[in-house]
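Colleague: Provided herewith is a single structure, encoded as structure tokens, for subsequent inquiry.
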Amino acid sequence: MLYGMVHNQPMGLESLNLVDQSIRHVFYSSDSERHMDLSQAILLRNSLRQNHVIMAYNGTVSDDLMITLADLLKERLVANDDVKRSKLIFAVFMEGVQNLIWHGKDHSENMGMILITEHEKEITIMCGNRIEKDQTQGLKDRLAQIKGADKDTIRQLYRDGMSHASEHEGPGSGLGLLEIARRSTQPISYTFVDVDDSSVDFILAATI
């Protein structure tokens, strides 16, 4: 699913969870409920508009998709006179989507999610994917460290990470979260939603 629109109360992670649940219920329900009716489509559209969503995608995330969405985002940012800010937005988007590609569970039925909202000249990029539950504690510890750090500390953590990262580690080296945090204008937000005994949906939000 890909949704894009021009439209006005920013979306928090609680609202994001509700929108995500609506998308997944409509598109990934049982065979007997597979077809969306018009009332469901209207409810979904209204939820996206009320939360100021300018782009939404739910499904398999690939390199080709990343390029397609990046082109759409570039078109949107052309109207932004602040070139430096546009570059920050684009960099956070690319890092977030690359993390989805590298860190999602390797099962086709587990979909990634990308939501971008715009409200009062702030853009929030939210990326979500499914991960193994036994991977979450280390990630939670890392996120807590980053969220509680000031910009100078984040920059130092990033420099330290760059100096120790292997060229073979790619976006999975742990630098992606620091890259997003150091470019965001507000502290990052995140949540973990239990799916079953072995899986968790991880959602990260960054505002520029």
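Letters A, B, ... mark the chains of the structure tokens in the order given; residue numbers begin at 1 per chain; ligand numbers begin at 1, in order shown.
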Write down as an MDAnalysis selection string the residues belonging to stretch 57-133 of chain A that are assigned alpha helix (DSSP H) by DSSP computed on the backbone.
Modeller: chainID A and resid 63:77 83:103
Colleague: I want to know what sits within 9 Å of stretch 66-76 of chain A, based on only C-alpha atoms, with residues of the same chain fewer than 4 positions away left out; could you give that as a list of chain:residue names?
Modeller: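 Counting only C-alpha atoms, the residues come to A:Gly4, A:Met55, A:Val61, A:Ser62, A:Asn80, A:Ser86, A:Phe90, A:Phe93, A:Met94, A:Val97, A:Gln98.
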Colleague: Dump C-alpha atoms for the selected residues as a short mmCIF file (atom, residue, chain, number, x, y, z; two decimals), in the first residue's frame?
Modeller:
```
data_model
loop_
_atom_site.label_atom_id
_atom_site.label_comp_id
_atom_site.auth_asym_id
_atom_site.auth_seq_id
_atom_site.Cartn_x
_atom_site.Cartn_y
_atom_site.Cartn_z
CA GLY A 4 0.51 10.20 -0.70
CA MET A 55 3.06 9.44 2.63
CA VAL A 61 10.57 -2.96 1.67
CA SER A 62 13.25 -3.29 -1.01
CA ASN A 80 10.91 23.71 0.57
CA SER A 86 15.54 19.27 2.95
CA PHE A 90 16.07 13.11 2.98
CA PHE A 93 14.38 8.99 5.41
CA MET A 94 17.09 7.04 3.57
CA VAL A 97 14.37 2.78 5.11
CA GLN A 98 17.81 1.17 4.86
#
```
Colleague: Neighbouring residues of A:Gln156 were defined as those with any atom within 12 Å, considering only C-alpha atoms; residues of the same chain fewer than 4 positions away were excluded. Please report them as a CSV table (one decimal) with N, CA and C atoms, in the first residue's frame.
Modeller:
```csv
chain,number,residue,atom,x,y,z
A,146,ILE,N,20.7,6.6,23.5
A,146,ILE,CA,20.7,7.7,22.5
A,146,ILE,C,19.6,8.7,22.9
A,149,ALA,N,20.8,11.2,25.5
A,149,ALA,CA,22.0,11.9,25.2
A,149,ALA,C,21.8,13.3,24.5
A,150,ASP,N,22.6,14.2,24.8
A,150,ASP,CA,22.6,15.5,24.1
A,150,ASP,C,23.3,15.3,22.7
A,151,LYS,N,23.2,16.4,21.9
A,151,LYS,CA,23.7,16.3,20.6
A,151,LYS,C,25.2,16.1,20.5
A,152,ASP,N,25.9,16.7,21.4
A,152,ASP,CA,27.4,16.5,21.5
A,152,ASP,C,27.7,15.1,21.8
A,160,ASP,N,32.8,7.6,17.5
A,160,ASP,CA,33.4,6.3,18.0
A,160,ASP,C,33.0,5.1,17.2
A,161,GLY,N,31.7,5.1,16.9
A,161,GLY,CA,31.2,4.0,16.1
A,161,GLY,C,31.8,3.9,14.7
A,162,MET,N,32.0,5.0,14.1
A,162,MET,CA,32.6,5.0,12.8
A,162,MET,C,34.1,4.5,12.8
A,163,SER,N,34.8,4.8,13.9
A,163,SER,CA,36.2,4.4,14.0
A,163,SER,C,36.3,2.9,14.3
A,175,LEU,N,25.2,2.1,13.6
A,175,LEU,CA,25.4,3.5,13.3
A,175,LEU,C,24.1,4.2,12.8
A,178,LEU,N,22.2,6.2,15.4
A,178,LEU,CA,22.9,7.4,15.7
A,178,LEU,C,22.9,8.4,14.6
A,179,GLU,N,22.9,8.0,13.4
A,179,GLU,CA,22.8,8.9,12.2
A,179,GLU,C,21.4,9.6,12.2
A,182,ARG,N,21.3,12.1,15.3
A,182,ARG,CA,22.1,13.3,15.2
A,182,ARG,C,21.6,14.3,14.2
```
